[in-house]
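Raw contents of my_file27.txt, compact mmCIF, C-alpha atoms (C1' of nucleotides):
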```txt
# COMPACT_ATOMS: atom_id res chain seq x y z
CA MET A 1 -107.12 60.73 -7.27
CA ARG A 2 -103.58 60.03 -8.39
CA LEU A 3 -101.06 61.86 -6.21
CA ALA A 4 -97.31 61.96 -6.86
CA THR A 5 -94.17 63.46 -5.38
CA TRP A 6 -90.87 64.08 -7.12
CA ASN A 7 -87.59 65.77 -6.31
CA VAL A 8 -86.96 67.16 -9.83
CA ASN A 9 -83.55 68.78 -9.25
CA SER A 10 -84.42 71.94 -11.22
CA ILE A 11 -87.87 72.45 -12.74
CA ARG A 12 -86.48 74.64 -15.51
CA THR A 13 -84.22 71.87 -16.76
CA ARG A 14 -86.95 69.23 -16.57
CA ALA A 15 -90.28 71.00 -17.21
CA ASP A 16 -90.94 68.99 -20.38
CA ARG A 17 -90.05 65.75 -18.67
CA VAL A 18 -92.39 66.57 -15.78
CA ALA A 19 -95.20 67.43 -18.21
CA ALA A 20 -94.73 64.11 -20.01
CA PHE A 21 -94.76 62.28 -16.67
CA LEU A 22 -98.01 63.96 -15.61
CA GLN A 23 -99.71 62.79 -18.77
CA ARG A 24 -98.17 59.33 -18.91
CA GLU A 25 -99.06 58.54 -15.29
CA ASP A 26 -102.37 60.43 -15.37
CA VAL A 27 -101.39 62.40 -12.26
CA ASP A 28 -103.92 64.76 -10.65
CA VAL A 29 -101.68 66.32 -8.01
CA LEU A 30 -97.88 66.51 -8.10
CA ALA A 31 -95.67 67.77 -5.29
CA LEU A 32 -92.24 68.90 -6.43
CA GLN A 33 -89.04 69.48 -4.48
CA GLU A 34 -85.78 71.16 -5.44
CA THR A 35 -87.31 73.34 -8.11
CA LYS A 36 -84.14 75.46 -7.81
CA CYS A 37 -85.72 78.70 -8.94
CA ARG A 38 -87.50 81.83 -7.79
CA ASP A 39 -91.27 82.14 -8.18
CA ASP A 40 -90.86 84.43 -11.20
CA GLN A 41 -88.69 81.82 -12.93
CA PHE A 42 -91.09 78.89 -12.55
CA PRO A 43 -92.26 77.62 -15.99
CA GLU A 44 -95.90 77.82 -14.96
CA MET A 45 -97.33 77.98 -18.48
CA VAL A 46 -96.03 74.52 -19.37
CA PHE A 47 -98.41 73.17 -16.73
CA SER A 48 -101.32 75.61 -16.98
CA ALA A 49 -101.56 74.61 -20.66
CA LEU A 50 -102.22 71.07 -19.44
CA GLY A 51 -104.91 72.18 -17.01
CA TYR A 52 -102.87 72.35 -13.80
CA GLU A 53 -102.88 75.13 -11.26
CA VAL A 54 -99.47 75.88 -9.73
CA ALA A 55 -98.36 76.94 -6.26
CA HIS A 56 -94.64 77.47 -5.72
CA VAL A 57 -92.23 78.96 -3.24
CA GLY A 58 -88.61 79.52 -4.11
CA HIS A 59 -86.23 82.31 -3.09
CA SER A 60 -83.02 81.40 -4.95
CA GLN A 61 -81.29 78.58 -6.78
CA TRP A 62 -81.54 76.44 -3.62
CA ASN A 63 -84.48 74.36 -2.43
CA GLY A 64 -87.90 75.38 -3.78
CA VAL A 65 -91.14 73.38 -3.46
CA ALA A 66 -94.31 73.34 -5.55
CA ILE A 67 -97.71 71.71 -5.87
CA LEU A 68 -99.41 71.25 -9.25
CA SER A 69 -103.07 70.26 -9.29
CA ARG A 70 -105.83 69.76 -11.83
CA VAL A 71 -108.44 69.03 -9.12
CA GLY A 72 -108.32 72.36 -7.28
CA LEU A 73 -105.64 74.15 -5.29
CA GLU A 74 -106.86 75.98 -2.21
CA ASP A 75 -105.59 77.34 1.10
CA VAL A 76 -101.97 77.54 -0.04
CA THR A 77 -99.62 77.84 2.94
CA VAL A 78 -95.92 78.62 2.78
CA GLY A 79 -94.09 76.81 5.57
CA PHE A 80 -95.70 74.98 8.48
CA PRO A 81 -96.29 76.47 11.95
CA GLY A 82 -93.06 76.45 13.95
CA MET A 83 -90.84 75.59 10.97
CA PRO A 84 -87.25 76.48 11.92
CA SER A 85 -85.04 78.71 9.80
CA TRP A 86 -81.44 77.96 8.98
CA SER A 87 -79.26 80.52 10.71
CA SER A 88 -75.74 81.36 9.72
CA LYS A 89 -73.04 81.33 12.39
CA GLU A 90 -73.78 84.96 13.14
CA GLY A 91 -77.47 84.17 13.40
CA LEU A 92 -78.39 87.06 11.15
CA ASP A 93 -80.02 85.28 8.23
CA ALA A 94 -83.35 84.02 9.57
CA THR A 95 -85.25 83.93 6.29
CA PRO A 96 -87.17 80.63 6.23
CA GLU A 97 -85.96 78.35 3.48
CA ALA A 98 -88.35 77.23 0.73
CA ARG A 99 -88.85 73.70 2.03
CA ALA A 100 -92.56 73.32 2.81
CA LEU A 101 -95.71 74.20 0.91
CA GLY A 102 -99.24 73.15 1.85
CA ALA A 103 -102.39 73.14 -0.26
CA THR A 104 -105.81 71.52 -0.25
CA CYS A 105 -106.65 69.62 -3.44
CA ALA A 106 -110.06 67.96 -3.75
CA GLY A 107 -110.34 67.81 0.02
CA VAL A 108 -106.88 66.35 0.60
CA ARG A 109 -104.38 68.45 2.54
CA ILE A 110 -101.03 68.03 0.81
CA TRP A 111 -97.64 69.15 2.09
CA SER A 112 -94.73 69.21 -0.35
CA LEU A 113 -91.66 68.81 1.86
CA TYR A 114 -87.95 69.07 1.25
CA VAL A 115 -86.32 67.99 4.50
CA PRO A 116 -82.91 69.61 5.09
CA ASN A 117 -79.86 67.54 4.21
CA GLY A 118 -77.77 66.96 7.32
CA ARG A 119 -74.57 66.88 5.23
CA THR A 120 -72.35 65.08 7.76
CA LEU A 121 -72.85 63.77 11.28
CA ALA A 122 -70.71 66.61 12.68
CA ASP A 123 -72.27 69.41 10.61
CA PRO A 124 -74.65 71.87 12.29
CA HIS A 125 -77.03 71.21 9.40
CA LEU A 126 -77.79 67.84 10.99
CA GLN A 127 -79.10 69.56 14.11
CA TYR A 128 -81.14 71.89 11.93
CA LYS A 129 -82.59 68.85 10.14
CA LEU A 130 -83.57 67.20 13.43
CA GLU A 131 -85.17 70.39 14.74
CA TRP A 132 -87.02 70.81 11.45
CA LEU A 133 -88.40 67.27 11.68
CA ALA A 134 -89.39 67.71 15.33
CA ALA A 135 -91.30 70.87 14.44
CA LEU A 136 -93.01 69.03 11.58
CA ARG A 137 -94.04 66.26 13.95
CA ALA A 138 -95.53 68.81 16.34
CA ALA A 139 -97.42 70.57 13.55
CA GLY A 140 -98.57 67.25 12.11
CA SER A 141 -99.87 66.13 15.49
CA ASP A 142 -101.85 69.34 15.80
CA TRP A 143 -103.48 68.83 12.39
CA LEU A 144 -104.60 65.33 13.39
CA THR A 145 -106.05 66.63 16.64
CA GLU A 146 -107.76 69.64 15.09
CA THR A 147 -109.21 68.04 11.95
CA PRO A 148 -108.89 64.24 12.10
CA GLU A 149 -111.44 63.85 9.32
CA THR A 150 -109.26 65.74 6.81
CA PRO A 151 -106.94 63.41 4.88
CA VAL A 152 -103.37 64.72 5.18
CA ALA A 153 -100.43 63.66 3.00
CA LEU A 154 -96.87 64.58 4.03
CA VAL A 155 -94.91 63.96 0.84
CA GLY A 156 -91.47 64.66 -0.48
CA ASP A 157 -87.76 64.15 -0.07
CA TRP A 158 -87.16 63.22 3.56
CA ASN A 159 -83.41 62.69 3.22
CA ILE A 160 -83.76 59.70 5.56
CA ALA A 161 -83.53 55.99 4.83
CA PRO A 162 -85.65 54.65 7.72
CA GLU A 163 -84.76 50.96 7.34
CA ASP A 164 -81.57 49.08 6.52
CA ASP A 165 -83.21 47.74 3.35
CA ASP A 166 -83.60 51.35 2.18
CA VAL A 167 -79.91 51.51 1.18
CA TRP A 168 -77.98 49.03 -0.94
CA ASP A 169 -75.20 48.47 1.58
CA MET A 170 -75.37 49.60 5.20
CA ALA A 171 -71.59 49.28 5.53
CA VAL A 172 -71.16 52.16 3.09
CA PHE A 173 -73.27 54.38 5.36
CA ALA A 174 -71.63 53.46 8.65
CA HIS A 175 -70.59 57.05 9.34
CA SER A 176 -73.11 58.89 7.19
CA THR A 177 -76.28 60.85 7.58
CA HIS A 178 -79.65 59.51 6.31
CA VAL A 179 -79.39 56.31 8.36
CA SER A 180 -78.21 57.61 11.75
CA PRO A 181 -80.26 56.70 14.83
CA PRO A 182 -81.41 60.28 15.58
CA GLU A 183 -82.59 60.80 12.00
CA ARG A 184 -84.44 57.50 12.00
CA ALA A 185 -85.96 58.35 15.38
CA ALA A 186 -87.18 61.69 14.03
CA PHE A 187 -88.83 59.92 11.11
CA ARG A 188 -90.32 57.23 13.34
CA ALA A 189 -91.76 59.91 15.62
CA ILE A 190 -93.79 61.25 12.71
CA VAL A 191 -95.03 57.76 11.89
CA GLU A 192 -95.93 57.23 15.55
CA ALA A 193 -97.77 60.54 15.54
CA GLY A 194 -100.14 58.94 13.04
CA TYR A 195 -98.63 59.26 9.57
CA ALA A 196 -98.09 55.92 7.85
CA ASP A 197 -95.79 55.13 4.92
CA VAL A 198 -98.53 54.26 2.42
CA VAL A 199 -96.15 53.22 -0.38
CA ARG A 200 -94.07 50.48 1.23
CA PRO A 201 -96.93 47.95 1.44
CA TYR A 202 -97.31 48.19 -2.34
CA ALA A 203 -93.58 48.47 -3.11
CA PRO A 204 -91.74 46.38 -0.51
CA GLY A 205 -87.98 46.14 -0.50
CA PRO A 206 -85.24 45.23 -0.47
CA GLY A 207 -83.94 46.91 -3.59
CA VAL A 208 -86.73 49.47 -4.01
CA TYR A 209 -85.14 52.93 -4.11
CA THR A 210 -86.19 56.46 -5.04
CA TYR A 211 -82.76 58.10 -5.34
CA TRP A 212 -79.50 57.14 -7.00
CA ASP A 213 -76.43 59.41 -6.83
CA TYR A 214 -75.33 60.73 -10.21
CA THR A 215 -71.77 59.62 -9.46
CA GLN A 216 -70.21 56.15 -9.32
CA LEU A 217 -72.69 54.67 -11.82
CA ARG A 218 -75.08 54.20 -8.92
CA PHE A 219 -78.22 53.75 -11.02
CA PRO A 220 -76.99 51.08 -13.45
CA ARG A 221 -75.41 49.30 -10.50
CA ARG A 222 -78.76 49.44 -8.67
CA GLU A 223 -77.12 51.19 -5.73
CA GLY A 224 -79.79 53.57 -4.48
CA MET A 225 -81.64 54.82 -1.43
CA ARG A 226 -85.32 55.00 -0.51
CA ILE A 227 -85.62 58.52 0.87
CA ASP A 228 -88.78 59.89 -0.79
CA PHE A 229 -92.00 59.04 1.03
CA VAL A 230 -95.73 59.61 1.10
CA LEU A 231 -96.85 59.58 4.72
CA GLY A 232 -100.61 59.57 5.19
CA SER A 233 -102.90 60.38 8.10
CA PRO A 234 -105.41 57.65 8.99
CA ALA A 235 -108.08 59.33 6.86
CA LEU A 236 -105.70 59.33 3.88
CA ALA A 237 -104.11 55.92 4.42
CA GLY A 238 -107.55 54.31 4.39
CA ARG A 239 -108.09 55.49 0.83
CA VAL A 240 -104.85 54.20 -0.73
CA THR A 241 -105.47 51.50 -3.33
CA ASN A 242 -102.07 51.34 -5.03
CA ALA A 243 -98.59 52.88 -5.04
CA LEU A 244 -95.40 52.67 -7.06
CA VAL A 245 -91.95 54.11 -7.61
CA ASP A 246 -91.58 55.16 -11.24
CA ARG A 247 -88.04 53.89 -11.74
CA GLU A 248 -88.27 54.49 -15.50
CA GLU A 249 -88.00 58.24 -14.86
CA ARG A 250 -84.46 57.79 -13.55
CA LYS A 251 -83.35 56.41 -16.91
CA GLY A 252 -81.82 58.19 -19.86
CA LYS A 253 -80.18 61.52 -20.45
CA GLY A 254 -81.61 64.43 -18.52
CA ALA A 255 -83.04 62.42 -15.61
CA SER A 256 -83.36 63.79 -12.09
CA ASP A 257 -81.38 61.86 -9.52
CA HIS A 258 -84.74 61.01 -7.86
CA ALA A 259 -87.61 58.94 -9.25
CA PRO A 260 -91.25 59.98 -8.73
CA VAL A 261 -93.48 58.16 -6.23
CA VAL A 262 -97.14 57.73 -7.22
CA VAL A 263 -100.11 56.90 -4.99
CA GLU A 264 -103.64 56.04 -6.06
CA LEU A 265 -106.47 57.14 -3.76
CA ALA A 266 -110.08 55.93 -3.83
CA ASP A 267 -112.62 58.72 -4.34
C1' DA B 1 -59.62 48.70 -22.21
C1' DT B 2 -61.44 52.73 -20.25
C1' DG B 3 -63.73 55.82 -17.45
C1' DG B 4 -67.39 57.24 -14.55
C1' DT B 5 -72.37 63.60 -12.04
C1' DG B 6 -75.14 67.35 -12.54
C1' DG B 7 -77.56 71.81 -11.48
C1' DA B 8 -77.38 76.45 -9.85
C1' DC B 9 -74.36 80.13 -12.10
C1' DC B 10 -68.81 82.30 -13.09
C1' DA B 11 -65.91 80.42 -8.47
C1' DT B 12 -67.99 77.60 -5.93
C1' DC B 13 -71.81 75.57 -3.42
C1' DC B 14 -75.01 71.86 -2.96
C1' DA B 15 -76.74 67.21 -3.27
```

Encoded form (structure tokens):
Amino acid sequence: MRLATWNVNSIRTRADRVAAFLQREDVDVLALQETKCRDDQFPEMVFSALGYEVAHVGHSQWNGVAILSRVGLEDVTVGFPGMPSWSSKEGLDATPEARALGATCAGVRIWSLYVPNGRTLADPHLQYKLEWLAALRAAGSDWLTETPETPVALVGDWNIAPEDDDVWDMAVFAHSTHVSPPERAAFRAIVEAGYADVVRPYAPGPGVYTYWDYTQLRFPRREGMRIDFVLGSPALAGRVTNALVDREERKGKGASDHAPVVVELAD
DNA sequence: ATGGTGGACCATCCA
């Protein structure tokens, strides 16, 4: 099975590009983040015409996650148990954001995840992000305990650069999110719970990134961040035979600011 | 030499 994850930054703008990627990379299952649309706006027919089933959750122009699969799409779950909601200052808006979608594809449990952006170190969104990640760790631990034989893949945009080599210049991020000790600890806790980064062994840094800001000519200057990850349970990690970051997808007009990450699994 | 983001959607928010 070929499994991929991609923050597309609007599926409506990039549906054709995503379809071309699926065919070019021979992808069986694709997790998408930042679809930026409601369910009724998702261009499902572009993908059903290619033989993919689609699961999506999106409530507005913000967030939105999907899973496309041509090897089955079962037990679709919106949000994970205990997933926090963002609450406004008044605490009135408790609608869960569209940031997590689970599905079972050919026996593999896949979670398409869009981890909240902490914005700045002083912003309450950072606390929300940390709570969200702690809840994910708790849920992920439970899945390993309950069904250790089921391969689980936690994939998506984590909005964390876990190692110094995952940004082009640590000095630039001295007072920024994505590299702060609590964020890195939250990520590490998920790894320590049993979910390994299955891509890094096949695509070691430094200089391997999955995201380049649209501004400041970051991509041509090779100034990016590695913030999109495929974390696999032991049953999944044992089946990985290859992985890559498809940097070509960041090139040209109409590119997302993220590149797809592809993992090959033995049958 | 110069300039340098893009997507949601319509005044701004978000990344």

Next on the checklist: List the spatial neighbours of Ser141 of chain A as a PyMOL selection string - criterion: any atom at most 8 Å away, only C-alpha atoms (C1' of nucleotides), same-chain residues fewer than 3 positions off excluded.
Outcome noted: chain A and resi 137-138+144-145+193-194

Item to check | 10 Å contacts from chain B to chain A using all atoms listed in the file, as a list in words | outcome: DG4, DT5, DG6, DG7, DA8, DC9, DC13, DC14 and DA15 of chain B

Checklist entry - Taking (-97.5, 72.5, -12.9) in the file's coordinates as the center, which residues reach within 8 Å of it, counting only C-alpha atoms (C1' of nucleotides), put as a list in words? => result Ala19, Leu30, Pro43, Glu44, Met45, Val46, Phe47, Ser48, Tyr52, Glu53, Val54, Ile67, Leu68 and Ser69 of chain A

Item to check | Selection as a VMD selection string: residues within 12 Å of (-93.9, 80.4, 1.1), counting only C-alpha atoms (C1' of nucleotides) | outcome: chain A and resid 38 to 39 55 to 59 63 to 67 76 to 81 83 95 to 103 111 to 113

Checklist outcome for this item: Computed gap from atom CA of Ala122 of chain A to atom CA of Leu154 of chain A is 27.6 Å

Item to check | Spatial neighbours of Val108 of chain A, max dist 8 Å, only C-alpha atoms (C1' of nucleotides), sep filter under 3 positions, as a PyMOL selection string | outcome: chain A and resi 104-105+150-153+236

Got a sec to write segment 166-178 of chain A of the block to a file, all heavy atoms, as an mmCIF file, in the first residue's frame?
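Okay, selection_39.cif is ready:
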```cif
data_model
loop_
_atom_site.group_PDB
_atom_site.id
_atom_site.type_symbol
_atom_site.label_atom_id
_atom_site.label_comp_id
_atom_site.auth_asym_id
_atom_site.auth_seq_id
_atom_site.Cartn_x
_atom_site.Cartn_y
_atom_site.Cartn_z
ATOM 1 N N ASP A 166 15.097 20.433 11.610
ATOM 2 C CA ASP A 166 13.810 20.510 10.916
ATOM 3 C C ASP A 166 13.419 21.945 10.559
ATOM 4 O O ASP A 166 12.325 22.164 10.014
ATOM 5 C CB ASP A 166 12.709 19.850 11.754
ATOM 6 C CG ASP A 166 12.968 18.367 11.934
ATOM 7 O OD1 ASP A 166 13.667 17.781 11.085
ATOM 8 O OD2 ASP A 166 12.484 17.791 12.927
ATOM 9 N N VAL A 167 14.293 22.894 10.855
ATOM 10 C CA VAL A 167 14.144 24.274 10.354
ATOM 11 C C VAL A 167 15.485 24.705 9.776
ATOM 12 O O VAL A 167 16.519 24.128 10.103
ATOM 13 C CB VAL A 167 13.686 25.264 11.454
ATOM 14 C CG1 VAL A 167 12.328 24.858 11.996
ATOM 15 C CG2 VAL A 167 14.706 25.344 12.572
ATOM 16 N N TRP A 168 15.452 25.727 8.894
ATOM 17 C CA TRP A 168 16.694 26.079 8.203
ATOM 18 C C TRP A 168 17.621 26.900 9.066
ATOM 19 O O TRP A 168 18.824 26.942 8.815
ATOM 20 C CB TRP A 168 16.387 26.800 6.890
ATOM 21 C CG TRP A 168 16.005 28.247 7.062
ATOM 22 C CD1 TRP A 168 16.851 29.331 6.990
ATOM 23 C CD2 TRP A 168 14.717 28.779 7.344
ATOM 24 N NE1 TRP A 168 16.149 30.496 7.213
ATOM 25 C CE2 TRP A 168 14.836 30.184 7.431
ATOM 26 C CE3 TRP A 168 13.435 28.204 7.521
ATOM 27 C CZ2 TRP A 168 13.745 31.017 7.684
ATOM 28 C CZ3 TRP A 168 12.370 29.032 7.780
ATOM 29 C CH2 TRP A 168 12.527 30.408 7.863
ATOM 30 N N ASP A 169 17.074 27.562 10.088
ATOM 31 C CA ASP A 169 17.912 28.399 10.939
ATOM 32 C C ASP A 169 17.231 28.574 12.289
ATOM 33 O O ASP A 169 16.256 29.311 12.404
ATOM 34 C CB ASP A 169 18.134 29.762 10.268
ATOM 35 C CG ASP A 169 19.044 30.673 11.091
ATOM 36 O OD1 ASP A 169 19.478 30.267 12.189
ATOM 37 O OD2 ASP A 169 19.332 31.796 10.636
ATOM 38 N N MET A 170 17.738 27.887 13.302
ATOM 39 C CA MET A 170 17.102 27.948 14.618
ATOM 40 C C MET A 170 17.061 29.361 15.184
ATOM 41 O O MET A 170 16.157 29.703 15.950
ATOM 42 C CB MET A 170 17.830 27.015 15.594
ATOM 43 C CG MET A 170 17.338 25.581 15.583
ATOM 44 S SD MET A 170 15.582 25.427 16.002
ATOM 45 C CE MET A 170 15.620 25.796 17.758
ATOM 46 N N ALA A 171 18.019 30.190 14.791
ATOM 47 C CA ALA A 171 18.047 31.563 15.323
ATOM 48 C C ALA A 171 16.785 32.326 14.927
ATOM 49 O O ALA A 171 16.280 33.152 15.689
ATOM 50 C CB ALA A 171 19.288 32.295 14.819
ATOM 51 N N VAL A 172 16.264 32.037 13.753
ATOM 52 C CA VAL A 172 15.062 32.719 13.277
ATOM 53 C C VAL A 172 13.853 32.360 14.152
ATOM 54 O O VAL A 172 12.913 33.140 14.288
ATOM 55 C CB VAL A 172 14.794 32.341 11.800
ATOM 56 C CG1 VAL A 172 13.450 32.868 11.328
ATOM 57 C CG2 VAL A 172 15.916 32.860 10.909
ATOM 58 N N PHE A 173 13.893 31.182 14.773
ATOM 59 C CA PHE A 173 12.748 30.684 15.532
ATOM 60 C C PHE A 173 12.930 30.817 17.045
ATOM 61 O O PHE A 173 12.198 30.193 17.802
ATOM 62 C CB PHE A 173 12.492 29.208 15.178
ATOM 63 C CG PHE A 173 12.010 29.023 13.775
ATOM 64 C CD1 PHE A 173 12.903 28.935 12.724
ATOM 65 C CD2 PHE A 173 10.651 28.965 13.503
ATOM 66 C CE1 PHE A 173 12.463 28.784 11.419
ATOM 67 C CE2 PHE A 173 10.205 28.817 12.199
ATOM 68 C CZ PHE A 173 11.113 28.720 11.155
ATOM 69 N N ALA A 174 13.879 31.651 17.438
ATOM 70 C CA ALA A 174 14.214 31.744 18.859
ATOM 71 C C ALA A 174 13.004 32.037 19.741
ATOM 72 O O ALA A 174 12.908 31.536 20.857
ATOM 73 C CB ALA A 174 15.280 32.820 19.060
ATOM 74 N N HIS A 175 12.079 32.847 19.242
ATOM 75 C CA HIS A 175 10.913 33.206 20.052
ATOM 76 C C HIS A 175 9.616 32.816 19.359
ATOM 77 O O HIS A 175 8.599 33.504 19.478
ATOM 78 C CB HIS A 175 10.940 34.709 20.357
ATOM 79 C CG HIS A 175 12.222 35.151 20.987
ATOM 80 N ND1 HIS A 175 12.570 34.807 22.276
ATOM 81 C CD2 HIS A 175 13.267 35.854 20.495
ATOM 82 C CE1 HIS A 175 13.764 35.311 22.559
ATOM 83 N NE2 HIS A 175 14.214 35.938 21.486
ATOM 84 N N SER A 176 9.656 31.698 18.638
ATOM 85 C CA SER A 176 8.504 31.269 17.846
ATOM 86 C C SER A 176 7.920 29.954 18.346
ATOM 87 O O SER A 176 8.573 29.201 19.068
ATOM 88 C CB SER A 176 8.918 31.074 16.381
ATOM 89 O OG SER A 176 9.413 32.279 15.848
ATOM 90 N N THR A 177 6.710 29.710 17.906
ATOM 91 C CA THR A 177 6.110 28.397 18.094
ATOM 92 C C THR A 177 6.775 27.407 17.137
ATOM 93 O O THR A 177 7.685 27.758 16.397
ATOM 94 C CB THR A 177 4.604 28.446 17.795
ATOM 95 O OG1 THR A 177 4.428 28.901 16.452
ATOM 96 C CG2 THR A 177 3.885 29.378 18.744
ATOM 97 N N HIS A 178 6.317 26.186 17.156
ATOM 98 C CA HIS A 178 6.779 25.056 16.326
ATOM 99 C C HIS A 178 8.056 24.401 16.842
ATOM 100 O O HIS A 178 8.268 23.220 16.610
ATOM 101 C CB HIS A 178 6.976 25.443 14.845
ATOM 102 C CG HIS A 178 5.708 25.823 14.132
ATOM 103 N ND1 HIS A 178 5.023 26.997 14.401
ATOM 104 C CD2 HIS A 178 4.992 25.185 13.172
ATOM 105 C CE1 HIS A 178 3.943 27.055 13.643
ATOM 106 N NE2 HIS A 178 3.898 25.969 12.892
#
```
